[in-house]
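**Q** Structure: coords.pdb, PDB, C-alpha atoms.
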ATOM      1  CA  MET A 916       0.000   0.000   0.000
ATOM      2  CA  GLU A 917       1.125   3.497  -0.795
ATOM      3  CA  VAL A 918      -0.656   6.587   0.550
ATOM      4  CA  ARG A 919       0.553  10.008  -0.566
ATOM      5  CA  ASP A 920      -0.844  13.277   0.817
ATOM      6  CA  LEU A 921      -4.317  11.793   1.328
ATOM      7  CA  HIS A 922      -7.123  14.249   2.017
ATOM      8  CA  ARG A 923     -10.741  13.222   2.525
ATOM      9  CA  ARG A 924     -13.478  15.824   2.965
ATOM     10  CA  TYR A 925     -17.168  15.620   3.763
ATOM     11  CA  GLY A 926     -18.551  19.004   2.793
ATOM     12  CA  ASP A 927     -16.670  21.569   4.860
ATOM     13  CA  TYR A 928     -15.284  18.954   7.229
ATOM     14  CA  GLU A 929     -11.831  17.538   6.462
ATOM     15  CA  ALA A 930     -11.549  14.144   8.167
ATOM     16  CA  VAL A 931      -8.085  13.290   6.780
ATOM     17  CA  ARG A 932      -5.556  16.078   6.276
ATOM     18  CA  GLY A 933      -2.522  15.122   4.243
ATOM     19  CA  VAL A 934      -1.632  11.599   5.415
ATOM     20  CA  SER A 935       1.284   9.717   3.831
ATOM     21  CA  PHE A 936       2.630   6.242   4.596
ATOM     22  CA  THR A 937       3.562   2.958   2.951
ATOM     23  CA  VAL A 938       2.968  -0.646   3.969
ATOM     24  CA  ALA A 939       5.374  -3.264   2.639
ATOM     25  CA  ARG A 940       4.441  -6.742   1.465
ATOM     26  CA  GLY A 941       4.173  -9.120   4.433
ATOM     27  CA  GLU A 942       4.186  -6.319   7.018
ATOM     28  CA  LEU A 943       1.753  -5.896   9.906
ATOM     29  CA  PHE A 944       0.996  -2.182  10.151
ATOM     30  CA  ALA A 945      -1.152  -0.776  12.977
ATOM     31  CA  LEU A 946      -3.090   2.441  12.412
ATOM     32  CA  LEU A 947      -4.020   3.946  15.778
ATOM     33  CA  GLY A 948      -6.027   6.944  16.887
ATOM     34  CA  THR A 949      -8.807   8.115  19.152
ATOM     35  CA  ASN A 950     -12.397   8.137  17.893
ATOM     36  CA  GLY A 951     -12.638  10.855  15.259
ATOM     37  CA  ALA A 952      -8.902  10.875  14.507
ATOM     38  CA  GLY A 953      -9.517   9.866  10.871
ATOM     39  CA  LYS A 954      -8.320   6.256  10.864
ATOM     40  CA  THR A 955     -11.662   4.728   9.830
ATOM     41  CA  THR A 956     -11.970   7.219   6.964
ATOM     42  CA  THR A 957      -8.423   6.322   5.878
ATOM     43  CA  LEU A 958      -9.333   2.633   5.953
ATOM     44  CA  GLU A 959     -12.455   3.227   3.865
ATOM     45  CA  VAL A 960     -10.389   4.898   1.143
ATOM     46  CA  LEU A 961      -7.830   2.063   1.194
ATOM     47  CA  GLU A 962     -10.619  -0.500   0.995
ATOM     48  CA  GLY A 963     -12.114   1.275  -2.018
ATOM     49  CA  TYR A 964     -15.355   2.480  -0.432
ATOM     50  CA  GLY A 965     -14.673   6.071  -1.446
ATOM     51  CA  PRO A 966     -12.177   8.124  -3.481
ATOM     52  CA  PRO A 967      -9.654  10.574  -2.013
ATOM     53  CA  SER A 968     -10.669  14.210  -2.125
ATOM     54  CA  SER A 969      -7.050  14.779  -3.134
ATOM     55  CA  GLY A 970      -3.796  12.830  -2.984
ATOM     56  CA  THR A 971      -3.195   9.295  -4.215
ATOM     57  CA  VAL A 972      -3.783   5.826  -2.787
ATOM     58  CA  ARG A 973      -2.494   2.615  -4.354
ATOM     59  CA  VAL A 974      -3.040  -0.976  -3.262
ATOM     60  CA  PHE A 975      -1.078  -3.591  -5.241
ATOM     61  CA  GLY A 976      -0.220  -0.645  -7.487
ATOM     62  CA  LEU A 977      -3.933  -0.184  -8.284
ATOM     63  CA  ASP A 978      -6.477   2.509  -7.459
ATOM     64  CA  PRO A 979      -8.763   0.733  -4.932
ATOM     65  CA  TYR A 980     -11.770   2.875  -5.860
ATOM     66  CA  ALA A 981     -11.469   2.947  -9.653
ATOM     67  CA  GLN A 982     -10.196  -0.639  -9.867
ATOM     68  CA  GLY A 983     -12.159  -2.050  -6.945
ATOM     69  CA  PRO A 984     -12.985  -5.539  -8.297
ATOM     70  CA  GLU A 985      -9.320  -6.286  -9.041
ATOM     71  CA  VAL A 986      -8.247  -5.142  -5.577
ATOM     72  CA  ARG A 987     -11.069  -6.903  -3.695
ATOM     73  CA  ARG A 988     -10.196 -10.279  -5.203
ATOM     74  CA  ARG A 989      -6.919 -10.128  -3.285
ATOM     75  CA  THR A 990      -8.116  -8.559  -0.024
ATOM     76  CA  GLY A 991     -10.036  -9.606   3.055
ATOM     77  CA  VAL A 992     -11.880  -7.182   5.321
ATOM     78  CA  MET A 993     -12.939  -7.686   8.931
ATOM     79  CA  LEU A 994     -15.187  -4.779   9.876
ATOM     80  CA  GLN A 995     -15.909  -3.605  13.420
ATOM     81  CA  GLU A 996     -19.237  -5.390  13.278
ATOM     82  CA  GLY A 997     -20.395  -8.025  10.816
ATOM     83  CA  GLY A 998     -23.937  -8.510   9.559
ATOM     84  CA  PHE A 999     -25.049 -12.104  10.033
ATOM     85  CA  PHE A1000     -28.314 -13.979   9.592
ATOM     86  CA  LYS A1001     -28.805 -15.167  13.162
ATOM     87  CA  GLU A1002     -30.909 -18.150  12.103
ATOM     88  CA  LEU A1003     -28.039 -19.709  10.132
ATOM     89  CA  THR A1004     -25.445 -21.937  11.730
ATOM     90  CA  VAL A1005     -21.763 -21.065  11.714
ATOM     91  CA  ALA A1006     -21.060 -23.532   8.888
ATOM     92  CA  GLU A1007     -24.080 -22.350   6.873
ATOM     93  CA  THR A1008     -22.874 -18.762   7.216
ATOM     94  CA  VAL A1009     -19.440 -19.643   5.824
ATOM     95  CA  ASP A1010     -20.986 -21.807   3.070
ATOM     96  CA  SER A1011     -23.245 -18.956   1.963
ATOM     97  CA  TRP A1012     -20.304 -16.513   1.933
ATOM     98  CA  ARG A1013     -18.280 -18.897  -0.242
ATOM     99  CA  GLY A1014     -20.795 -18.303  -3.011
ATOM    100  CA  PHE A1015     -19.592 -14.704  -3.347
ATOM    101  CA  LEU A1016     -15.961 -15.678  -3.977
ATOM    102  CA  THR A1017     -14.196 -17.057  -7.036
ATOM    103  CA  ALA A1018     -11.764 -19.329  -5.186
ATOM    104  CA  PRO A1019     -12.925 -19.829  -1.584
ATOM    105  CA  ARG A1020     -11.168 -22.105   0.866
ATOM    106  CA  PRO A1021     -13.050 -25.125   2.299
ATOM    107  CA  THR A1022     -15.411 -24.292   5.143
ATOM    108  CA  ALA A1023     -13.924 -26.864   7.515
ATOM    109  CA  GLU A1024     -10.402 -25.548   6.918
ATOM    110  CA  VAL A1025     -11.328 -21.963   7.745
ATOM    111  CA  LEU A1026     -13.357 -22.888  10.840
ATOM    112  CA  ALA A1027     -10.443 -24.931  12.137
ATOM    113  CA  GLN A1028      -8.106 -21.989  11.613
ATOM    114  CA  VAL A1029     -10.215 -19.655  13.786
ATOM    115  CA  GLY A1030     -11.113 -22.268  16.377
ATOM    116  CA  LEU A1031     -14.809 -22.644  15.551
ATOM    117  CA  THR A1032     -14.897 -26.289  14.432
ATOM    118  CA  GLU A1033     -16.884 -27.377  17.485
ATOM    119  CA  ARG A1034     -19.370 -24.545  16.922
ATOM    120  CA  ALA A1035     -19.991 -25.340  13.235
ATOM    121  CA  GLY A1036     -23.561 -26.505  13.889
ATOM    122  CA  THR A1037     -24.408 -23.692  16.323
ATOM    123  CA  ARG A1038     -26.754 -20.925  15.221
ATOM    124  CA  VAL A1039     -25.175 -17.480  15.026
ATOM    125  CA  ALA A1040     -27.700 -16.133  17.556
ATOM    126  CA  GLN A1041     -26.222 -18.457  20.182
ATOM    127  CA  LEU A1042     -22.609 -17.357  19.730
ATOM    128  CA  SER A1043     -20.828 -15.186  22.260
ATOM    129  CA  GLY A1044     -19.528 -11.780  21.190
ATOM    130  CA  GLY A1045     -15.990 -13.144  20.923
ATOM    131  CA  GLU A1046     -17.134 -16.116  18.829
ATOM    132  CA  ARG A1047     -18.914 -13.781  16.421
ATOM    133  CA  ARG A1048     -15.675 -11.849  16.002
ATOM    134  CA  ARG A1049     -13.903 -15.101  15.144
ATOM    135  CA  LEU A1050     -16.633 -15.819  12.586
ATOM    136  CA  ASP A1051     -15.988 -12.338  11.153
ATOM    137  CA  LEU A1052     -12.324 -13.299  10.874
ATOM    138  CA  ALA A1053     -13.189 -16.598   9.180
ATOM    139  CA  LEU A1054     -15.110 -14.748   6.456
ATOM    140  CA  ALA A1055     -12.280 -12.234   6.037
ATOM    141  CA  VAL A1056      -9.700 -14.965   5.323
ATOM    142  CA  LEU A1057     -12.011 -17.215   3.288
ATOM    143  CA  ASN A1058     -10.357 -16.140   0.020
ATOM    144  CA  ALA A1059      -6.764 -16.539   1.349
ATOM    145  CA  PRO A1060      -6.152 -12.781   0.908
ATOM    146  CA  ASP A1061      -2.813 -11.212   0.096
ATOM    147  CA  LEU A1062      -3.922  -8.179   2.133
ATOM    148  CA  LEU A1063      -6.077  -8.322   5.260
ATOM    149  CA  PHE A1064      -7.809  -5.326   6.876
ATOM    150  CA  LEU A1065      -8.590  -5.899  10.560
ATOM    151  CA  ASP A1066     -10.785  -3.219  12.139
ATOM    152  CA  GLU A1067     -10.904  -3.746  15.934
ATOM    153  CA  PRO A1068     -10.606  -7.540  15.527
ATOM    154  CA  THR A1069     -10.627  -8.550  19.213
ATOM    155  CA  THR A1070     -13.428  -6.358  20.561
ATOM    156  CA  GLY A1071     -15.633  -8.425  22.880
ATOM    157  CA  MET A1072     -13.085 -11.206  23.341
ATOM    158  CA  ASP A1073     -11.822 -12.434  26.687
ATOM    159  CA  PRO A1074      -8.019 -12.367  27.229
ATOM    160  CA  GLU A1075      -7.552 -16.013  26.182
ATOM    161  CA  ALA A1076      -9.556 -15.579  22.965
ATOM    162  CA  ARG A1077      -7.686 -12.345  22.242
ATOM    163  CA  ARG A1078      -4.313 -14.080  22.460
ATOM    164  CA  THR A1079      -5.598 -16.923  20.284
ATOM    165  CA  THR A1080      -6.579 -14.342  17.674
ATOM    166  CA  TRP A1081      -3.128 -12.756  17.928
ATOM    167  CA  ARG A1082      -1.610 -16.163  17.181
ATOM    168  CA  ILE A1083      -3.869 -16.607  14.145
ATOM    169  CA  VAL A1084      -2.957 -13.160  12.816
ATOM    170  CA  LYS A1085       0.772 -13.838  13.238
ATOM    171  CA  GLU A1086       0.373 -17.164  11.422
ATOM    172  CA  LEU A1087      -1.375 -15.384   8.554
ATOM    173  CA  GLN A1088       1.435 -12.853   8.392
ATOM    174  CA  ALA A1089       4.052 -15.620   8.476
ATOM    175  CA  SER A1090       2.342 -17.193   5.466
ATOM    176  CA  GLY A1091       2.845 -13.949   3.506
ATOM    177  CA  THR A1092      -0.351 -12.001   4.207
ATOM    178  CA  THR A1093       0.035  -8.242   4.654
ATOM    179  CA  VAL A1094      -2.090  -6.931   7.543
ATOM    180  CA  LEU A1095      -3.422  -3.447   8.269
ATOM    181  CA  LEU A1096      -4.745  -3.355  11.830
ATOM    182  CA  THR A1097      -6.746  -0.799  13.771
ATOM    183  CA  THR A1098      -7.275  -1.354  17.480
ATOM    184  CA  HIS A1099      -7.981   0.466  20.721
ATOM    185  CA  TYR A1100      -5.962  -2.149  22.604
ATOM    186  CA  LEU A1101      -2.517  -0.563  22.637
ATOM    187  CA  GLU A1102      -0.952  -3.757  24.014
ATOM    188  CA  GLU A1103      -2.289  -5.526  20.928
ATOM    189  CA  ALA A1104      -0.513  -3.110  18.596
ATOM    190  CA  GLN A1105       2.679  -3.307  20.643
ATOM    191  CA  GLN A1106       2.624  -7.122  20.540
ATOM    192  CA  LEU A1107       1.739  -7.562  16.872
ATOM    193  CA  ALA A1108       2.843  -4.631  14.747
ATOM    194  CA  ASP A1109       6.049  -4.286  12.748
ATOM    195  CA  ARG A1110       5.259  -0.574  12.498
ATOM    196  CA  VAL A1111       2.614   1.716  13.948
ATOM    197  CA  ALA A1112       1.133   5.065  12.968
ATOM    198  CA  ILE A1113      -0.731   7.295  15.409
ATOM    199  CA  MET A1114      -3.361   9.613  13.927
ATOM    200  CA  ASP A1115      -4.638  12.757  15.593
ATOM    201  CA  LYS A1116      -7.106  15.235  14.114
ATOM    202  CA  GLY A1117      -6.696  13.850  10.606
ATOM    203  CA  ARG A1118      -2.895  13.892  10.572
ATOM    204  CA  LEU A1119      -0.125  11.470  11.459
ATOM    205  CA  ALA A1120       1.432  12.386  14.801
ATOM    206  CA  ALA A1121       4.004   9.562  14.742
ATOM    207  CA  VAL A1122       4.974   6.627  12.538
ATOM    208  CA  GLY A1123       7.660   3.957  12.737
ATOM    209  CA  THR A1124       8.529   0.782  14.579
ATOM    210  CA  VAL A1125       7.294   0.576  18.161
ATOM    211  CA  GLU A1126      10.874   1.197  19.311
ATOM    212  CA  GLU A1127      11.145   4.285  17.082
ATOM    213  CA  VAL A1128       7.837   5.688  18.310
ATOM    214  CA  LEU A1129       8.814   5.109  21.958
ATOM    215  CA  SER A1130      12.290   6.556  21.458
ATOM    216  CA  GLY A1131      12.779   9.848  23.260
ATOM    217  CA  HIS A1132       9.793   9.411  25.554
ATOM    218  CA  GLY A1133      11.981   8.257  28.428
ATOM    219  CA  THR A1134      11.216   6.441  31.658
ATOM    220  CA  ARG A1135       8.059   6.880  33.727
ATOM    221  CA  ILE A1136       8.602   7.277  37.487
ATOM    222  CA  THR A1137       5.424   7.382  39.569
ATOM    223  CA  PHE A1138       4.622   7.525  43.278
ATOM    224  CA  PRO A1139       1.666   8.630  45.428
ATOM    225  CA  LEU A1140       2.036  12.263  46.417
ATOM    226  CA  PRO A1141       3.310  12.226  50.038
ATOM    227  CA  LYS A1142       0.898  13.526  52.652
ATOM    228  CA  GLY A1143       1.257  17.257  53.175
ATOM    229  CA  VAL A1144       3.209  17.794  49.943
ATOM    230  CA  SER A1145       1.725  19.903  47.130
ATOM    231  CA  GLU A1146       2.492  19.637  43.435
ATOM    232  CA  ALA A1147       4.375  22.948  43.616
ATOM    233  CA  GLN A1148       6.760  21.445  46.185
ATOM    234  CA  LEU A1149       7.854  18.549  43.976
ATOM    235  CA  PRO A1150      11.465  18.770  42.753
ATOM    236  CA  GLN A1151      12.516  19.237  39.159
ATOM    237  CA  VAL A1152      14.759  16.615  37.565
ATOM    238  CA  THR A1153      17.310  17.302  34.863
ATOM    239  CA  GLY A1154      15.972  16.482  31.413
ATOM    240  CA  GLY A1155      12.561  15.497  32.774
ATOM    241  CA  SER A1156       9.047  16.749  33.455
ATOM    242  CA  ALA A1157       6.611  16.291  36.322
ATOM    243  CA  SER A1158       2.850  16.311  36.752
ATOM    244  CA  VAL A1159       0.262  15.114  39.258
ATOM    245  CA  THR A1160      -2.771  13.061  38.262
ATOM    246  CA  ASP A1161      -5.323  11.835  40.827
ATOM    247  CA  GLY A1162      -2.852  12.257  43.644
ATOM    248  CA  VAL A1163      -0.025  10.441  41.845
ATOM    249  CA  ALA A1164       3.206  12.205  40.890
ATOM    250  CA  VAL A1165       4.302  11.277  37.369
ATOM    251  CA  TYR A1166       7.826  11.994  36.140
ATOM    252  CA  THR A1167       9.094  11.485  32.605
ATOM    253  CA  ALA A1168      12.876  11.312  32.661
ATOM    254  CA  ALA A1169      15.405  10.941  29.870
ATOM    255  CA  ARG A1170      17.904   9.330  32.288
ATOM    256  CA  THR A1171      16.605   7.116  35.070
ATOM    257  CA  ALA A1172      19.466   7.043  37.601
ATOM    258  CA  PRO A1173      19.960  10.835  37.964
ATOM    259  CA  ALA A1174      16.200  11.332  38.253
ATOM    260  CA  LEU A1175      15.894   8.745  41.026
ATOM    261  CA  ALA A1176      18.890  10.231  42.839
ATOM    262  CA  ALA A1177      17.300  13.686  42.742
ATOM    263  CA  LEU A1178      13.977  12.370  44.005
ATOM    264  CA  HIS A1179      15.517  10.441  46.900
ATOM    265  CA  ALA A1180      17.662  13.441  47.868
ATOM    266  CA  TRP A1181      14.545  15.624  47.872
ATOM    267  CA  ALA A1182      12.641  13.041  49.955
ATOM    268  CA  ALA A1183      15.459  12.941  52.525
ATOM    269  CA  GLU A1184      15.559  16.743  52.710
ATOM    270  CA  TRP A1185      11.793  16.959  53.247
ATOM    271  CA  SER A1186      11.687  13.878  55.511
ATOM    272  CA  VAL A1187       9.054  12.127  53.429
ATOM    273  CA  GLU A1188       8.816   8.556  52.203
ATOM    274  CA  LEU A1189       8.428   7.726  48.507
ATOM    275  CA  ASP A1190       6.162   4.774  49.223
ATOM    276  CA  GLY A1191       4.899   2.886  46.172
ATOM    277  CA  ILE A1192       7.466   4.338  43.787
ATOM    278  CA  GLU A1193       7.447   2.591  40.386
ATOM    279  CA  VAL A1194       9.884   2.849  37.488
ATOM    280  CA  ARG A1195       9.078   1.628  33.996
ATOM    281  CA  SER A1196       9.840   2.393  30.381
ATOM    282  CA  ALA A1197       7.305   4.388  28.399
ATOM    283  CA  SER A1198       4.648   2.198  26.796
ATOM    284  CA  LEU A1199       2.852   2.684  23.512
ATOM    285  CA  GLU A1200      -0.215   3.682  25.513
ATOM    286  CA  ASP A1201       1.757   6.448  27.260
ATOM    287  CA  VAL A1202       2.961   7.845  23.935
ATOM    288  CA  PHE A1203      -0.466   7.439  22.326
ATOM    289  CA  LEU A1204      -2.177   9.437  25.068
ATOM    290  CA  GLU A1205       0.535  12.084  25.009
ATOM    291  CA  LEU A1206       0.358  12.573  21.244
ATOM    292  CA  ALA A1207      -3.413  12.318  21.040
ATOM    293  CA  HIS A1208      -4.069  14.945  23.682
ATOM    294  CA  ASP A1209      -1.292  17.511  23.366
ATOM    295  CA  GLY A1210      -1.627  18.316  19.641
ATOM    296  CA  ARG A1211       1.861  17.241  18.674
ATOM    297  CA  GLY A1212       0.883  15.925  15.247
ATOM    298  CA  THR A1213       3.088  18.148  13.087
ATOM    299  CA  ASP A1214       3.539  18.708   9.409
ATOM    300  CA  ALA A1215       7.039  17.276   9.713
ATOM    301  CA  ALA A1216       5.649  14.056  11.127
ATOM    302  CA  HIS A1217       3.265  13.380   8.277
ATOM    303  CA  GLU A1218       5.584  14.628   5.562
ATOM    304  CA  GLY A1219       8.179  12.012   6.575
ATOM    305  CA  ALA A1220       5.679   9.263   7.254
ATOM    306  CA  GLY A1221       6.344   7.365   4.044
ATOM    307  CA  ALA A1222       9.972   6.718   4.958
ATOM    308  CA  ARG A1223      10.940   3.155   5.804
TER     309      ARG A1223
END
Kindly return the structure encoded in the file as C-alpha cells.
**A**
Amino acid sequence: MEVRDLHRRYGDYEAVRGVSFTVARGELFALLGTNGAGKTTTLEVLEGYGPPSSGTVRVFGLDPYAQGPEVRRRTGVMLQEGGFFKELTVAETVDSWRGFLTAPRPTAEVLAQVGLTERAGTRVAQLSGGERRRLDLALAVLNAPDLLFLDEPTTGMDPEARRTTWRIVKELQASGTTVLLTTHYLEEAQQLADRVAIMDKGRLAAVGTVEEVLSGHGTRITFPLPKGVSEAQLPQVTGGSASVTDGVAVYTAARTAPALAALHAWAAEWSVELDGIEVRSASLEDVFLELAHDGRGTDAAHEGAGAR
C-alpha cells in the first residue's frame, strides 16, 4: 500500500488532512487513533469504499476505488461489526459466503483456523460476542487474501480468545499475508505490529517501529504524592518533566538514575517517604495518550511518514 498526501473531505469537514505512509508486502501495520482521529476514513479509502478528495492511494499498485474488483479479489476485510443472519449456523454462514468468492477455501479448513470447528452446527444467535468476532475473521480470510484489513478484531473477546486471535494473525502474516490493523488495545498493537502510525485530528502524529515511536519518551517514574506535599513542592529533575494526576506524581525522565537520585535526595531533605514508587519504560499507551491529547501531530511528522 502506498498513501501520498491523502485528504478526505465531507462538505466543509476535512476528516483526513494530508496523510502519507507505505505498507510493505508481508508487514503488519497498525493504524491507531482516538475516535474521530480519521483512521476509519483512511481505511475506507484504502478499501475502495470512497475516493480521495485529493492525494493518491495505491493498493497492489492499483487505485482501490477505480479498480475495486481487481483489488477486492486479493483482499479480506474484517469490519468492526459483521452482519449475520442469526438463524443460520456457523457452517451455513461460511458456506453462503463462499458463493460470493471465485476461489474460496473449504469451510472446515477456515473454521479450524479460527477455532470454531466445534461450533460449526451452532446458530449465530447463540454465539458469544468473541465467537462472532472469530466468525468475522473466518469470512475475512475465506479467500486466502494477500492483504487483510482488521478493524478492531478482538473487541468483545476475553483475554484467552484475544491471544488466540493474535496467534492466528501472526500465522497469517508468516504465510505472507500483509495486515493493516486498527485497534484500541494498545498492548495488541505493541505485541503484533512491525510498524505503527498514530493519527490525531486527521494527521499522522508519529509513525515507525514501536521502538522508534517510543524513542525519546523516556522512563516513567510514579509515586503517590506524600501527605502534606503539594504539586508545587515537587522537585525538578534534569531532562525530565513532572505532573500530578489523581494524587499520583508522574515523572518522565530521559535518564533514570539521575532522576531517582534527585527524588531520593529531595525526599530525605523533606523527611518524606516515597512509598509505592514505580519505574518503567514508556509504553505505547503512554505515547499514544501524550500525542493524542497535546496536539503534537506536526507537518514534519506526516511529511516524513512514508519513509521506511
**Q** Please enumerate the residues selected by the PyMOL selection byres ((chain A and resi 1137) around 9) when evaluated against the supplied file, formatted as a PyMOL selection string.
**A** chain A and resi 1135-1136+1138-1139+1163-1167+1191-1195
**Q** Could the residues in this selection be saved with C-alpha atoms as a compact mmCIF listing (two decimals), in the coordinates of the input?
**A**
# COMPACT_ATOMS: atom_id res chain seq x y z
CA ARG A 1135 8.06 6.88 33.73
CA ILE A 1136 8.60 7.28 37.49
CA PHE A 1138 4.62 7.52 43.28
CA PRO A 1139 1.67 8.63 45.43
CA VAL A 1163 -0.02 10.44 41.84
CA ALA A 1164 3.21 12.20 40.89
CA VAL A 1165 4.30 11.28 37.37
CA TYR A 1166 7.83 11.99 36.14
CA THR A 1167 9.09 11.48 32.60
CA GLY A 1191 4.90 2.89 46.17
CA ILE A 1192 7.47 4.34 43.79
CA GLU A 1193 7.45 2.59 40.39
CA VAL A 1194 9.88 2.85 37.49
CA ARG A 1195 9.08 1.63 34.00
**Q** Given the file shown, determine the residues that the PyMOL selection byres ((chain A and resi 1142) around 10) selects; report them as number ranges by chain.
**A** A: 1139-1141, 1143-1145, 1162, 1187-1188
**Q** Could you give me, as a ChimeraX atom specification, the residues within 12 Å of range 1038-1044 of chain A, counting only C-alpha atoms and dropping anything in the same chain fewer than 6 positions from it?
**A** /A:995-1009,1031,1050-1051,1068-1073,1076-1077
**Q** Using the chain letters and numbers from the file, give me the residues hit by the PyMOL selection byres ((chain A and resi 1147-1154) around 6), as a ChimeraX atom specification.
**A** /A:1145-1146,1155,1169,1174
**Q** Limited to C-alpha atoms, could you put the picked residues into a file as a short mmCIF file (atom, residue, chain, number, x, y, z; two decimals), in the frame of the given file?
**A**
data_model
loop_
_atom_site.label_atom_id
_atom_site.label_comp_id
_atom_site.auth_asym_id
_atom_site.auth_seq_id
_atom_site.Cartn_x
_atom_site.Cartn_y
_atom_site.Cartn_z
CA SER A 1145 1.72 19.90 47.13
CA GLU A 1146 2.49 19.64 43.44
CA GLY A 1155 12.56 15.50 32.77
CA ALA A 1169 15.40 10.94 29.87
CA ALA A 1174 16.20 11.33 38.25
#
**Q** Between CA of Thr1037 in chain A and CA of Val1025 in chain A, what is the distance in Å, rounded to a tenth?
**A**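 Answer for the CA of Thr1037 in chain A to CA of Val1025 in chain A separation: 15.7 Å.
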**Q** Mind pulling up the distance from CA of Ala1121 in chain A to CA of Ala1157 in chain A?
**A**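 Distance between the two atoms: 22.8 Å.
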**Q** List every protein, DNA or RNA residue that has at least one atom no more than 7 Å from (4.2, -13.2, 1.2) in the file's coordinates, counting all atoms listed in the file, and write the result as a compact mmCIF listing (two decimals) with C-alpha atoms, keeping the file's coordinate frame.
**A**
# COMPACT_ATOMS: atom_id res chain seq x y z
CA ARG A 940 4.44 -6.74 1.46
CA GLY A 941 4.17 -9.12 4.43
CA SER A 1090 2.34 -17.19 5.47
CA GLY A 1091 2.84 -13.95 3.51
CA THR A 1092 -0.35 -12.00 4.21
**Q** May I ask which of the residues A:Pro1019, A:Gly970, A:Gly933, A:Gly963 is the closest one to Ala1055 in chain A, counting only C-alpha atoms?
**A**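 Of the candidates, the smallest distance to Ala1055 in chain A is held by A:Pro1019.
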**Q** With all atoms listed in the file as the atoms that count, which of A:Asp1115, A:Asp1161, A:Asp927, A:Asp1066 lies nearest to Gly953 in chain A?
**A**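 Checking each candidate against Gly953 in chain A, we get A:Asp1115 as the closest.
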**Q** Using only C-alpha atoms, determine which residues lie at most 12 Å from Thr955 in chain A, disregarding the query and same-chain residues fewer than 4 positions distant; provide the list as a PyMOL selection string.
**A** chain A and resi 923+930-931+946-951+959-962+964-965+994-995+1064-1067+1095-1098+1114+1117
**Q** Please report the interatomic distance between CA of Tyr980 in chain A and CA of Pro966 in chain A in Å with one decimal.
**A** 5.8 Å
**Q** With only C-alpha atoms as the basis for distance, which of A:Leu1178, A:Leu943, A:Leu1204, A:Met916 is at the shortest distance from Arg973 in chain A?
**A**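 The shortest atom-to-atom distance to Arg973 in chain A comes from A:Met916.
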**Q** From the options A:Ala1027, A:Ala1018, A:Ala952, A:Val918, which residue's atoms come nearest to Pro979 in chain A, counting only C-alpha atoms?
**A**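 Distance minimum relative to Pro979 in chain A lands on A:Val918.
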**Q** So, with all atoms listed in the file as the atoms that count, which of A:Val1128, A:Leu958, A:Leu1087, A:Leu1119 lies closest to Pro1060 in chain A?
**A**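 For Pro1060 in chain A, the nearest of the given residues is A:Leu1087.
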**Q** Could you write out as JSON the box around range 1096-1100 of chain A (axis-aligned, all atoms listed in the file, 4 Å on each side), with centre and edge lengths in Å to one decimal?
**A**
{"center_x": -6.4, "center_y": -1.4, "center_z": 17.2, "size_x": 11.2, "size_y": 11.8, "size_z": 18.8}
**Q** List the neighbours of Val934 in chain A out to 7 Å using all atoms listed in the file; skip same-chain residues closer than 3 positions along the sequence, and give me the result as a PyMOL selection string.
**A** chain A and resi 919-922+931+1118-1119+1217
